[in-house]
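**Student:** Supplied structure: query.txt, compact mmCIF, C-alpha atoms and all ligand atoms.
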# COMPACT_ATOMS: atom_id res chain seq x y z
CA MET A 1 16.47 -16.14 -8.78
CA ALA A 2 14.56 -15.93 -5.54
CA ASN A 3 13.39 -12.61 -4.10
CA THR A 4 16.31 -10.73 -5.59
CA THR A 5 17.77 -7.81 -3.71
CA HIS A 6 17.16 -4.68 -5.75
CA THR A 7 19.62 -1.86 -5.74
CA VAL A 8 17.98 1.37 -4.67
CA PRO A 9 19.58 4.66 -5.71
CA ALA A 10 22.12 5.55 -3.04
CA GLY A 11 21.36 9.28 -3.17
CA PRO A 12 21.90 11.80 -0.44
CA LEU A 13 20.13 11.58 2.88
CA GLU A 14 17.48 14.06 1.94
CA VAL A 15 15.32 13.30 -1.08
CA ASP A 16 17.39 13.16 -4.21
CA PRO A 17 16.52 16.14 -6.47
CA ALA A 18 16.07 13.67 -9.32
CA TRP A 19 13.13 12.22 -7.46
CA LEU A 20 11.71 15.68 -6.91
CA ARG A 21 11.90 16.38 -10.63
CA PHE A 22 10.33 12.99 -11.28
CA LEU A 23 7.48 13.85 -8.95
CA ASN A 24 7.12 17.41 -10.24
CA PRO A 25 5.67 19.02 -7.13
CA SER A 26 4.27 21.91 -9.14
CA GLU A 27 1.89 19.57 -10.92
CA PRO A 28 -1.57 20.07 -9.41
CA ILE A 29 -3.50 17.06 -8.16
CA ASP A 30 -7.06 16.87 -9.35
CA THR A 31 -8.62 16.09 -6.01
CA ARG A 32 -12.18 16.27 -7.28
CA MET A 33 -11.50 13.59 -9.84
CA GLY A 34 -9.87 11.43 -7.18
CA VAL A 35 -12.81 11.56 -4.93
CA ASP A 36 -15.43 11.11 -7.60
CA THR A 37 -13.64 7.93 -8.58
CA MET A 38 -13.31 6.94 -4.95
CA LEU A 39 -16.96 7.41 -4.12
CA SER A 40 -18.68 6.45 -7.32
CA ARG A 41 -18.22 2.70 -7.53
CA THR A 42 -20.26 1.66 -4.53
CA GLY A 43 -21.03 5.02 -3.01
CA ARG A 44 -18.47 4.40 -0.30
CA GLU A 45 -15.43 3.16 -2.17
CA LEU A 46 -12.25 4.78 -0.99
CA SER A 47 -9.70 3.33 -3.35
CA PHE A 48 -7.57 5.82 -5.18
CA GLY A 49 -7.84 4.06 -8.52
CA ALA A 50 -6.48 5.71 -11.62
CA SER A 51 -6.71 9.15 -10.12
CA TYR A 52 -3.99 8.45 -7.60
CA PRO A 53 -0.95 9.72 -9.42
CA SER A 54 1.08 6.80 -10.62
CA LYS A 55 4.34 8.51 -9.82
CA ARG A 56 3.49 8.48 -6.14
CA LEU A 57 2.74 4.76 -6.22
CA ASP A 58 6.18 4.23 -7.67
CA ILE A 59 7.73 6.23 -4.83
CA ILE A 60 5.78 4.11 -2.35
CA HIS A 61 7.29 1.05 -4.06
CA HIS A 62 10.71 2.61 -3.48
CA ILE A 63 9.90 3.10 0.23
CA TYR A 64 8.96 -0.60 0.49
CA LEU A 65 12.22 -1.59 -1.18
CA LEU A 66 14.09 0.45 1.42
CA LEU A 67 12.01 -1.06 4.23
CA LEU A 68 12.59 -4.64 3.04
CA ASP A 69 16.29 -4.04 2.32
CA GLY A 70 15.77 -4.39 -1.41
CA LYS A 71 13.51 -7.44 -1.26
CA LEU A 72 10.10 -7.52 -2.90
CA PHE A 73 8.41 -9.66 -0.24
CA ARG A 74 9.24 -11.71 2.80
CA ALA A 75 7.48 -15.04 2.26
CA PRO A 76 10.11 -17.80 2.02
CA VAL A 77 9.04 -19.13 -1.38
CA ARG A 78 10.97 -21.74 -3.35
CA ASP A 79 13.20 -20.54 -6.20
CA ASP A 80 11.19 -22.42 -8.84
CA ILE A 81 7.74 -20.92 -8.26
CA GLN A 82 5.59 -20.83 -11.37
CA ARG A 83 2.62 -18.49 -10.82
CA ILE A 84 2.40 -15.22 -8.90
CA LEU A 85 -0.64 -12.98 -8.37
CA ASP A 86 -0.44 -9.30 -7.38
CA VAL A 87 -3.86 -8.14 -6.16
CA GLY A 88 -4.55 -4.40 -6.62
CA THR A 89 -1.33 -4.01 -8.59
CA GLY A 90 -1.63 -0.23 -9.18
CA THR A 91 1.00 0.78 -11.71
CA GLY A 92 2.17 -2.83 -11.78
CA ILE A 93 5.63 -1.84 -10.58
CA TRP A 94 5.85 -4.71 -8.07
CA ALA A 95 4.52 -7.23 -10.60
CA ILE A 96 7.09 -6.10 -13.17
CA ASP A 97 9.94 -6.28 -10.67
CA VAL A 98 8.90 -9.72 -9.46
CA ALA A 99 8.57 -10.94 -13.07
CA GLU A 100 12.16 -9.86 -13.69
CA SER A 101 13.28 -11.63 -10.52
CA PHE A 102 11.45 -14.85 -11.46
CA PRO A 103 11.76 -14.91 -15.28
CA THR A 104 10.33 -18.40 -15.59
CA ALA A 105 7.22 -17.60 -13.53
CA GLU A 106 3.95 -16.26 -14.91
CA VAL A 107 2.92 -13.06 -13.09
CA VAL A 108 -0.65 -11.74 -13.10
CA GLY A 109 -1.55 -8.31 -11.73
CA THR A 110 -5.17 -7.27 -11.16
CA ASP A 111 -6.66 -3.85 -10.50
CA LEU A 112 -9.88 -1.91 -10.81
CA SER A 113 -8.08 0.70 -12.90
CA PRO A 114 -6.15 0.30 -16.16
CA ILE A 115 -3.11 2.30 -15.06
CA GLN A 116 -0.52 -0.36 -15.90
CA PRO A 117 2.02 0.14 -18.69
CA SER A 118 1.78 -1.92 -21.87
CA TRP A 119 5.53 -2.44 -22.30
CA VAL A 120 6.20 -5.10 -19.69
CA PRO A 121 8.28 -8.27 -19.44
CA PRO A 122 6.75 -11.14 -21.44
CA ASN A 123 5.87 -13.09 -18.31
CA VAL A 124 3.58 -10.35 -16.87
CA SER A 125 -0.06 -9.72 -17.70
CA PHE A 126 -2.63 -7.40 -16.20
CA GLN A 127 -6.35 -7.87 -15.76
CA ILE A 128 -8.99 -5.35 -14.79
CA ASP A 129 -10.76 -7.02 -11.95
CA ASP A 130 -12.46 -6.20 -8.67
CA ALA A 131 -10.69 -8.21 -5.98
CA GLU A 132 -13.89 -8.15 -3.96
CA SER A 133 -15.97 -9.98 -6.59
CA VAL A 134 -15.91 -13.75 -6.83
CA TRP A 135 -12.50 -14.78 -8.19
CA THR A 136 -12.40 -16.72 -11.43
CA PHE A 137 -8.83 -18.02 -10.96
CA SER A 138 -8.56 -21.81 -10.72
CA ARG A 139 -8.23 -23.30 -7.27
CA ASP A 140 -4.75 -24.30 -6.17
CA SER A 141 -3.12 -22.37 -9.03
CA PHE A 142 -0.73 -19.78 -7.51
CA ASP A 143 2.51 -20.19 -5.59
CA LEU A 144 2.51 -16.64 -4.23
CA ILE A 145 -0.23 -14.04 -3.78
CA HIS A 146 0.87 -10.51 -2.94
CA ILE A 147 -1.37 -7.82 -1.46
CA ARG A 148 0.06 -4.39 -0.71
CA HIS A 149 -1.34 -1.03 0.24
CA LEU A 150 -5.01 -1.78 -0.39
CA ASN A 151 -6.03 -0.29 2.97
CA GLY A 152 -9.18 1.74 2.44
CA GLY A 153 -10.04 -0.04 -0.82
CA ILE A 154 -11.25 -3.33 0.66
CA LYS A 155 -14.47 -3.72 2.60
CA ASP A 156 -14.31 -7.45 3.34
CA TRP A 157 -10.79 -8.56 4.20
CA GLY A 158 -12.00 -11.99 5.36
CA LYS A 159 -13.47 -12.70 1.93
CA LEU A 160 -10.39 -11.39 0.11
CA ILE A 161 -7.97 -13.50 2.14
CA GLY A 162 -10.30 -16.52 1.94
CA GLN A 163 -10.33 -16.27 -1.87
CA ALA A 164 -6.55 -15.98 -1.90
CA PHE A 165 -6.35 -19.15 0.20
CA THR A 166 -8.49 -21.04 -2.32
CA ALA A 167 -6.46 -19.79 -5.30
CA LEU A 168 -3.12 -20.74 -3.73
CA LYS A 169 -1.55 -24.13 -4.27
CA PRO A 170 -1.06 -26.20 -1.13
CA GLY A 171 2.30 -24.98 0.18
CA GLY A 172 1.81 -21.59 -1.53
CA TRP A 173 2.31 -18.32 0.32
CA ILE A 174 0.32 -15.14 0.88
CA ASP A 175 2.35 -11.96 1.49
CA ILE A 176 0.61 -8.81 2.72
CA ALA A 177 1.98 -5.34 3.51
CA GLU A 178 -0.45 -2.79 4.88
CA TYR A 179 -0.02 0.53 6.67
CA GLU A 180 -1.97 2.06 9.52
CA PHE A 181 -3.38 5.47 8.74
CA ILE A 182 -2.46 6.62 12.23
CA LEU A 183 0.37 8.99 13.01
CA LYS A 184 2.28 8.32 16.24
CA SER A 185 5.28 9.56 18.15
CA ASP A 186 7.01 7.64 20.94
CA ASP A 187 8.45 10.70 22.65
CA GLY A 188 5.37 12.90 22.91
CA THR A 189 6.51 15.30 20.19
CA LEU A 190 3.22 14.85 18.31
CA SER A 191 0.78 16.86 20.36
CA PRO A 192 -2.84 15.67 20.14
CA GLU A 193 -3.69 19.37 19.78
CA SER A 194 -1.51 19.78 16.68
CA ASN A 195 -3.03 20.27 13.24
CA LEU A 196 -1.16 17.21 12.06
CA ALA A 197 -2.76 14.97 14.69
CA LYS A 198 -6.12 16.63 14.07
CA TYR A 199 -5.86 15.97 10.32
CA TYR A 200 -5.24 12.24 10.81
CA ARG A 201 -7.97 12.02 13.47
CA LEU A 202 -10.56 13.70 11.24
CA VAL A 203 -9.67 11.65 8.15
CA ASN A 204 -10.18 8.46 10.17
CA GLU A 205 -13.44 9.80 11.54
CA ALA A 206 -14.62 10.64 8.02
CA ALA A 207 -13.64 7.19 6.73
CA ASP A 208 -15.37 5.46 9.66
CA LYS A 209 -18.49 7.44 8.89
CA LEU A 210 -18.45 6.08 5.35
CA GLY A 211 -18.19 2.58 6.77
CA GLN A 212 -14.61 2.12 5.64
CA GLU A 213 -11.90 1.99 8.19
CA PHE A 214 -8.26 2.77 7.60
CA LYS A 215 -6.99 1.06 10.75
CA ILE A 216 -7.41 -2.60 9.80
CA ALA A 217 -3.71 -3.19 9.06
CA SER A 218 -2.79 -4.37 12.56
CA SER A 219 -5.54 -6.97 12.81
CA LEU A 220 -5.31 -9.03 9.64
CA ASP A 221 -3.97 -12.09 11.56
CA ARG A 222 -7.49 -13.20 12.42
CA PHE A 223 -8.56 -13.30 8.76
CA ILE A 224 -5.37 -15.13 7.80
CA LEU A 225 -5.89 -17.73 10.53
CA ASP A 226 -9.63 -18.07 9.83
CA ALA A 227 -8.89 -18.74 6.16
CA GLY A 228 -6.82 -21.77 7.22
CA PHE A 229 -3.25 -20.53 6.73
CA ASP A 230 -0.32 -21.97 8.69
CA LYS A 231 2.99 -20.47 9.76
CA VAL A 232 1.46 -17.02 10.13
CA HIS A 233 4.14 -14.38 10.51
CA HIS A 234 3.27 -10.80 11.48
CA GLU A 235 5.73 -8.01 12.03
CA GLU A 236 5.06 -4.37 12.82
CA THR A 237 7.63 -1.92 11.52
CA LYS A 238 7.80 1.85 11.58
CA ILE A 239 8.13 4.28 8.70
CA PRO A 240 9.12 7.72 9.91
CA LEU A 241 7.43 10.78 8.47
CA GLY A 242 10.07 13.36 7.64
CA THR A 243 13.81 13.54 7.89
CA TRP A 244 14.02 13.64 11.69
CA PRO A 245 15.69 10.21 12.28
CA ALA A 246 19.47 10.18 12.58
CA GLU A 247 19.90 6.76 11.00
CA LYS A 248 20.44 6.87 7.21
CA LYS A 249 17.85 4.34 6.04
CA GLN A 250 15.18 5.70 8.40
CA LYS A 251 15.92 9.24 7.28
CA GLU A 252 15.66 8.28 3.63
CA MET A 253 12.38 6.43 4.10
CA GLY A 254 11.07 9.40 6.07
CA ALA A 255 12.05 11.82 3.33
CA PHE A 256 10.24 9.79 0.69
CA LEU A 257 7.18 9.31 2.88
CA LEU A 258 7.06 13.04 3.48
CA LEU A 259 7.29 13.62 -0.25
CA THR A 260 4.31 11.39 -1.00
CA THR A 261 2.33 12.49 2.06
CA GLU A 262 2.67 16.17 1.30
CA ASN A 263 1.14 15.60 -2.07
CA ALA A 264 -1.54 13.29 -0.72
CA PHE A 265 -2.83 15.61 2.00
CA GLU A 266 -5.39 17.25 -0.31
CA ALA A 267 -6.10 14.12 -2.34
CA PHE A 268 -6.89 12.19 0.81
CA GLY A 269 -8.36 14.87 3.01
CA MET A 270 -10.23 17.47 1.02
CA ALA A 271 -13.16 15.45 -0.23
CA LEU A 272 -13.40 13.19 2.81
CA LEU A 273 -13.51 16.07 5.26
CA THR A 274 -15.88 18.21 3.21
CA ARG A 275 -18.24 15.47 2.11
CA SER A 276 -18.23 13.11 5.06
CA LEU A 277 -17.81 15.59 7.90
CA GLY A 278 -19.39 18.62 6.22
CA MET A 279 -16.37 20.87 6.83
CA GLY A 280 -16.01 23.98 4.65
CA ILE A 281 -13.31 24.08 1.93
CA PRO A 282 -11.46 27.08 3.49
CA GLU A 283 -11.42 25.33 6.87
CA VAL A 284 -9.98 22.15 5.36
CA GLU A 285 -7.44 24.13 3.32
CA GLU A 286 -6.30 25.88 6.47
CA LEU A 287 -5.98 22.58 8.34
CA ILE A 288 -4.04 20.97 5.49
CA THR A 289 -1.65 23.91 5.15
CA ALA A 290 -0.94 23.84 8.88
CA ALA A 291 -0.64 20.05 8.98
CA LYS A 292 1.81 20.11 6.07
CA ARG A 293 3.92 22.75 7.80
CA GLU A 294 4.00 20.71 11.00
CA SER A 295 4.86 17.50 9.14
CA ARG A 296 8.07 19.14 7.88
CA SER A 297 9.27 20.03 11.37
CA LYS A 298 12.20 17.93 12.53
CA LYS A 299 11.03 18.50 16.09
CA THR A 300 8.00 16.30 15.52
CA HIS A 301 9.19 12.68 15.58
CA THR A 302 6.27 11.01 13.89
CA TYR A 303 5.92 7.66 12.17
CA SER A 304 3.22 5.33 10.94
CA SER A 305 3.18 1.58 11.46
CA GLN A 306 3.55 -0.84 8.67
CA HIS A 307 2.28 -4.38 9.12
CA LEU A 308 4.03 -7.15 7.21
CA TYR A 309 2.43 -10.58 7.09
CA TYR A 310 3.15 -13.83 5.37
CA ALA A 311 1.58 -17.24 5.81
CA GLN A 312 1.48 -20.60 4.08
CA LYS A 313 -1.42 -22.66 2.80
CA PRO A 314 -0.97 -26.08 4.40
CA PHE A 315 0.20 -28.96 2.23
CA LYS A 316 -2.26 -31.77 1.64
CA LYS A 317 -1.30 -34.86 3.61
CA ALA A 318 0.42 -36.58 0.68
CA ASP A 319 2.19 -33.44 -0.64
CA PRO A 320 5.97 -33.09 -0.24
CA GLU A 321 6.95 -30.10 1.94
C1 LIG B 1 -2.42 2.48 -3.10
S1 LIG B 1 -2.55 1.57 -4.55
C2 LIG B 1 -1.37 0.25 -4.30
C3 LIG B 1 -0.91 -0.37 -5.57
C4 LIG B 1 0.08 -1.53 -5.43
N1 LIG B 1 -0.46 -2.63 -4.67
C5 LIG B 1 1.37 -1.08 -4.83
O1 LIG B 1 1.66 -1.39 -3.69
O2 LIG B 1 2.11 -0.38 -5.54
C6 LIG B 1 -4.08 0.75 -4.38
C7 LIG B 1 -4.53 0.07 -5.66
O3 LIG B 1 -5.52 -0.87 -5.33
C8 LIG B 1 -6.52 -0.83 -6.30
N2 LIG B 1 -7.74 -1.36 -5.70
C9 LIG B 1 -8.45 -0.86 -4.67
N3 LIG B 1 -9.52 -1.62 -4.43
C10 LIG B 1 -9.49 -2.65 -5.32
C11 LIG B 1 -10.32 -3.76 -5.58
N4 LIG B 1 -11.42 -3.97 -4.87
N5 LIG B 1 -9.98 -4.60 -6.56
C12 LIG B 1 -8.86 -4.39 -7.30
N6 LIG B 1 -8.02 -3.34 -7.11
C13 LIG B 1 -8.34 -2.48 -6.13
C14 LIG B 1 -6.60 0.64 -6.69
O4 LIG B 1 -7.20 0.80 -7.96
C15 LIG B 1 -5.14 1.04 -6.65
O5 LIG B 1 -4.52 0.89 -7.91
Using structure tokens, write down the structure that the file contains.
Ligand SMILES: C[S@@+](CC[C@H](N)C(=O)[O-])C[C@H]1O[C@@H](n2cnc3c(N)ncnc32)[C@H](O)[C@@H]1O
**Tutor:**
Amino acid sequence: MANTTHTVPAGPLEVDPAWLRFLNPSEPIDTRMGVDTMLSRTGRELSFGASYPSKRLDIIHHIYLLLLDGKLFRAPVRDDIQRILDVGTGTGIWAIDVAESFPTAEVVGTDLSPIQPSWVPPNVSFQIDDAESVWTFSRDSFDLIHIRHLNGGIKDWGKLIGQAFTALKPGGWIDIAEYEFILKSDDGTLSPESNLAKYYRLVNEAADKLGQEFKIASSLDRFILDAGFDKVHHEETKIPLGTWPAEKKQKEMGAFLLLTTENAFEAFGMALLTRSLGMGIPEVEELITAAKRESRSKKTHTYSSQHLYYAQKPFKKADPE
């Protein structure tokens, strides 16, 4: 069954209370642990790893399902694909879903952190692996390689995409979904003077200072082309922040993004702003509180851009298309 459409809970327009209970907003996030994990591996690693609460990754998966109208990816793969790789699989939720959609395929998920469940469909396996080291997968062995939401965790995108090219079979597809950590509004309702805009600006500044940029999502085409892929497809879509849109799907995505963002403000910002920019904890707390308040306002029509790519490894001359 190819790229099955998943049913997402219909729910009301605002976030379903069941999701709120699932998320448990009263549960504190251990920001110190997050950042120690983020910074310890190479001294400038910004991946969230195991400290990024798994529940939030699952909500992000839900937002992607809404965005892709229930599909798991966009690459036009054949129905009979045999091997799928999910790089930086997180909780493995995508890998598990894709394994259920393609029950005869073998699905491998890799991650730095062992946060995947052990009860999974028989055709899924997980490996602890750094996607930035030299891959040990055989050449020409996957039909589909999926990369999602690794922004901030990858230093060398050219190398990552090049290794994916090598591991794909001729005719295989890469499918990438990455977000820009930039908040925008098309109607001027996000003032550059606002705390919300300031928060995003400072987090980017802090990340740049650590040599890791969060804004790569829009410019992955060049790495995909350089690797040798064909039929490169790139689409920019918007995910609203908050419940300001009138349209139902947009409003629902915005509600879920707000839910995850609210809880990520400290996890993302506190350590970066204190350690990289030398800001004081009370100053950052004040900024975060004000930014959170502003993010809830329906008068601020903000969104972030999501970049969706897919591309095909060319067939060898004698291969059938
Ligand atoms: C924001 S989560 C996204 C998870 C998953 N791709 C998804 O969309 O649900 C990022 C994940 O990438 C993993 N990660 C970051 N850098 C990595 C690397 N170099 N190699 C393997 N995994 C990495 C983190 O451990 C984390 O689980």
**Student:** Which polymer residues have any atom within 12 Å of an atom of Ala290 in chain A, counting all atoms listed in the file, with same-chain residues fewer than 3 positions away left out, as a ChimeraX atom specification?
**Tutor:** /A:194-199,262,265,283-287,293-297
**Student:** Could you give me, as a PDB file with C-alpha atoms, keeping the file's coordinate frame, every polymer residue with an atom at most 7 Å away from an atom of ligand LIG 1 (chain B), counting all atoms listed in the file?
**Tutor:**
ATOM      1  CA  SER A  47      -9.700   3.330  -3.350  1.00  0.00           C
ATOM      2  CA  PHE A  48      -7.570   5.820  -5.180  1.00  0.00           C
ATOM      3  CA  GLY A  49      -7.840   4.060  -8.520  1.00  0.00           C
ATOM      4  CA  ALA A  50      -6.480   5.710 -11.620  1.00  0.00           C
ATOM      5  CA  LEU A  57       2.740   4.760  -6.220  1.00  0.00           C
ATOM      6  CA  ASP A  58       6.180   4.230  -7.670  1.00  0.00           C
ATOM      7  CA  ILE A  60       5.780   4.110  -2.350  1.00  0.00           C
ATOM      8  CA  HIS A  61       7.290   1.050  -4.060  1.00  0.00           C
ATOM      9  CA  VAL A  87      -3.860  -8.140  -6.160  1.00  0.00           C
ATOM     10  CA  GLY A  88      -4.550  -4.400  -6.620  1.00  0.00           C
ATOM     11  CA  THR A  89      -1.330  -4.010  -8.590  1.00  0.00           C
ATOM     12  CA  GLY A  90      -1.630  -0.230  -9.180  1.00  0.00           C
ATOM     13  CA  THR A  91       1.000   0.780 -11.710  1.00  0.00           C
ATOM     14  CA  GLY A  92       2.170  -2.830 -11.780  1.00  0.00           C
ATOM     15  CA  ILE A  93       5.630  -1.840 -10.580  1.00  0.00           C
ATOM     16  CA  TRP A  94       5.850  -4.710  -8.070  1.00  0.00           C
ATOM     17  CA  THR A 110      -5.170  -7.270 -11.160  1.00  0.00           C
ATOM     18  CA  ASP A 111      -6.660  -3.850 -10.500  1.00  0.00           C
ATOM     19  CA  LEU A 112      -9.880  -1.910 -10.810  1.00  0.00           C
ATOM     20  CA  SER A 113      -8.080   0.700 -12.900  1.00  0.00           C
ATOM     21  CA  ASP A 129     -10.760  -7.020 -11.950  1.00  0.00           C
ATOM     22  CA  ASP A 130     -12.460  -6.200  -8.670  1.00  0.00           C
ATOM     23  CA  ALA A 131     -10.690  -8.210  -5.980  1.00  0.00           C
ATOM     24  CA  GLU A 132     -13.890  -8.150  -3.960  1.00  0.00           C
ATOM     25  CA  ILE A 147      -1.370  -7.820  -1.460  1.00  0.00           C
ATOM     26  CA  ARG A 148       0.060  -4.390  -0.710  1.00  0.00           C
ATOM     27  CA  HIS A 149      -1.340  -1.030   0.240  1.00  0.00           C
ATOM     28  CA  LEU A 150      -5.010  -1.780  -0.390  1.00  0.00           C
ATOM     29  CA  GLY A 153     -10.040  -0.040  -0.820  1.00  0.00           C
ATOM     30  CA  ILE A 154     -11.250  -3.330   0.660  1.00  0.00           C
TER      31      ILE A 154
END
**Student:** So which residues touch Pro240 in chain A within 8 Å, counting all atoms listed in the file, skipping near sequence neighbours fewer than 5 positions away, as an NGL selection string?
**Tutor:** :A and (245 or 250-251 or 253-254 or 257 or 301-304)
**Student:** Find the spatial neighbours of Phe102 in chain A, counting only C-alpha atoms, within a cut-off of 12 Å - ignore same-chain residues fewer than 6 positions away - and output them as a PyMOL selection string.
**Tutor:** chain A and resi 1-4+72+77-84+95-96+121-124+143-144
**Student:** Can you write just those residues out, C-alpha atoms, as a PDB file, keeping the file's coordinate frame?
**Tutor:**
ATOM      1  CA  MET A   1      16.470 -16.140  -8.780  1.00  0.00           C
ATOM      2  CA  ALA A   2      14.560 -15.930  -5.540  1.00  0.00           C
ATOM      3  CA  ASN A   3      13.390 -12.610  -4.100  1.00  0.00           C
ATOM      4  CA  THR A   4      16.310 -10.730  -5.590  1.00  0.00           C
ATOM      5  CA  LEU A  72      10.100  -7.520  -2.900  1.00  0.00           C
ATOM      6  CA  VAL A  77       9.040 -19.130  -1.380  1.00  0.00           C
ATOM      7  CA  ARG A  78      10.970 -21.740  -3.350  1.00  0.00           C
ATOM      8  CA  ASP A  79      13.200 -20.540  -6.200  1.00  0.00           C
ATOM      9  CA  ASP A  80      11.190 -22.420  -8.840  1.00  0.00           C
ATOM     10  CA  ILE A  81       7.740 -20.920  -8.260  1.00  0.00           C
ATOM     11  CA  GLN A  82       5.590 -20.830 -11.370  1.00  0.00           C
ATOM     12  CA  ARG A  83       2.620 -18.490 -10.820  1.00  0.00           C
ATOM     13  CA  ILE A  84       2.400 -15.220  -8.900  1.00  0.00           C
ATOM     14  CA  ALA A  95       4.520  -7.230 -10.600  1.00  0.00           C
ATOM     15  CA  ILE A  96       7.090  -6.100 -13.170  1.00  0.00           C
ATOM     16  CA  PRO A 121       8.280  -8.270 -19.440  1.00  0.00           C
ATOM     17  CA  PRO A 122       6.750 -11.140 -21.440  1.00  0.00           C
ATOM     18  CA  ASN A 123       5.870 -13.090 -18.310  1.00  0.00           C
ATOM     19  CA  VAL A 124       3.580 -10.350 -16.870  1.00  0.00           C
ATOM     20  CA  ASP A 143       2.510 -20.190  -5.590  1.00  0.00           C
ATOM     21  CA  LEU A 144       2.510 -16.640  -4.230  1.00  0.00           C
TER      22      LEU A 144
END
**Student:** Enter the distance from CA of Ile128 in chain A to CA of Val108 in chain A, in Å, rounded to one decimal.
**Tutor:**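 About the pair CA of Ile128 in chain A and CA of Val108 in chain A: they are 10.6 Å apart.
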**Student:** List as a PyMOL selection string the protein and nucleic acid residues near range 172-174 of chain A, meaning an atom at most 10 Å away when all atoms listed in the file are counted, but skip any in the same chain fewer than 4 places from it.
**Tutor:** chain A and resi 73-78+81+83-85+140-147+161+164-165+167-168+224+229-232+309-315
**Student:** Between CA of Phe256 in chain A and CA of Arg56 in chain A, what is the spacing in Å?
**Tutor:** 9.7 Å
**Student:** Measuring between all atoms listed in the file, which one of A:Ser305, A:Lys316, A:Pro170, A:Trp244 shows the shortest distance to Ile182 in chain A?
**Tutor:** A:Ser305
**Student:** Around the point (6.2, -2.7, 7.1) in the file's coordinates, collect all residues with an atom within 8 Å, using all atoms listed in the file, and return them as a list in words.
**Tutor:** Tyr64, Leu67, Leu68, Ala177, Glu178, Tyr179, Glu235, Glu236, Thr237, Lys238, Ile239, Ser305, Gln306, His307 and Leu308 of chain A
**Student:** Any idea what the distance is between CA of Asn204 in chain A and CA of Gly162 in chain A?
**Tutor:** 26.3 Å
**Student:** Using all atoms listed in the file, which of A:Ile115, A:Ala227, A:Phe126, A:Ser191 sits nearest Gln163 in chain A?
**Tutor:**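 Ranked by minimum distance to Gln163 in chain A, first place goes to A:Ala227.
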**Student:** Hey, which of A:Gly269, A:Gly158, A:Pro192, A:Gly280 ends up closest to Glu205 in chain A? Count only C-alpha atoms.
**Tutor:**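 Using only C-alpha atoms, the shortest distance to Glu205 in chain A belongs to A:Gly269.
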**Student:** I need every residue sitting at most 6 Å from the point (-19.9, 12.2, 10.3) (coordinates as in the file, all atoms listed in the file considered), written as a list in words.
**Tutor:**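 Looking at atoms near the point gives Ala206, Lys209, Ser276 and Leu277 of chain A.
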**Student:** Between A:Asp208, A:Lys249, A:Thr166, A:Asp175, which one has atoms that come closest to Asp69 in chain A, using all atoms listed in the file?
**Tutor:**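 Closest to Asp69 in chain A, using all atoms listed in the file: A:Lys249.
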**Student:** My list of candidates is A:Ile288, A:Ser219, A:Phe181, A:Asp186. Which is closest to Ala267 in chain A when distances are computed with only C-alpha atoms?
**Tutor:** A:Ile288
**Student:** Just checking: using all atoms listed in the file, which residue out of A:Ala255, A:Leu202, A:Leu272, A:Leu220 ends up closest to Lys159 in chain A?
**Tutor:**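 Of A:Ala255, A:Leu202, A:Leu272, A:Leu220, the one nearest Lys159 in chain A, counting all atoms listed in the file, is A:Leu220.
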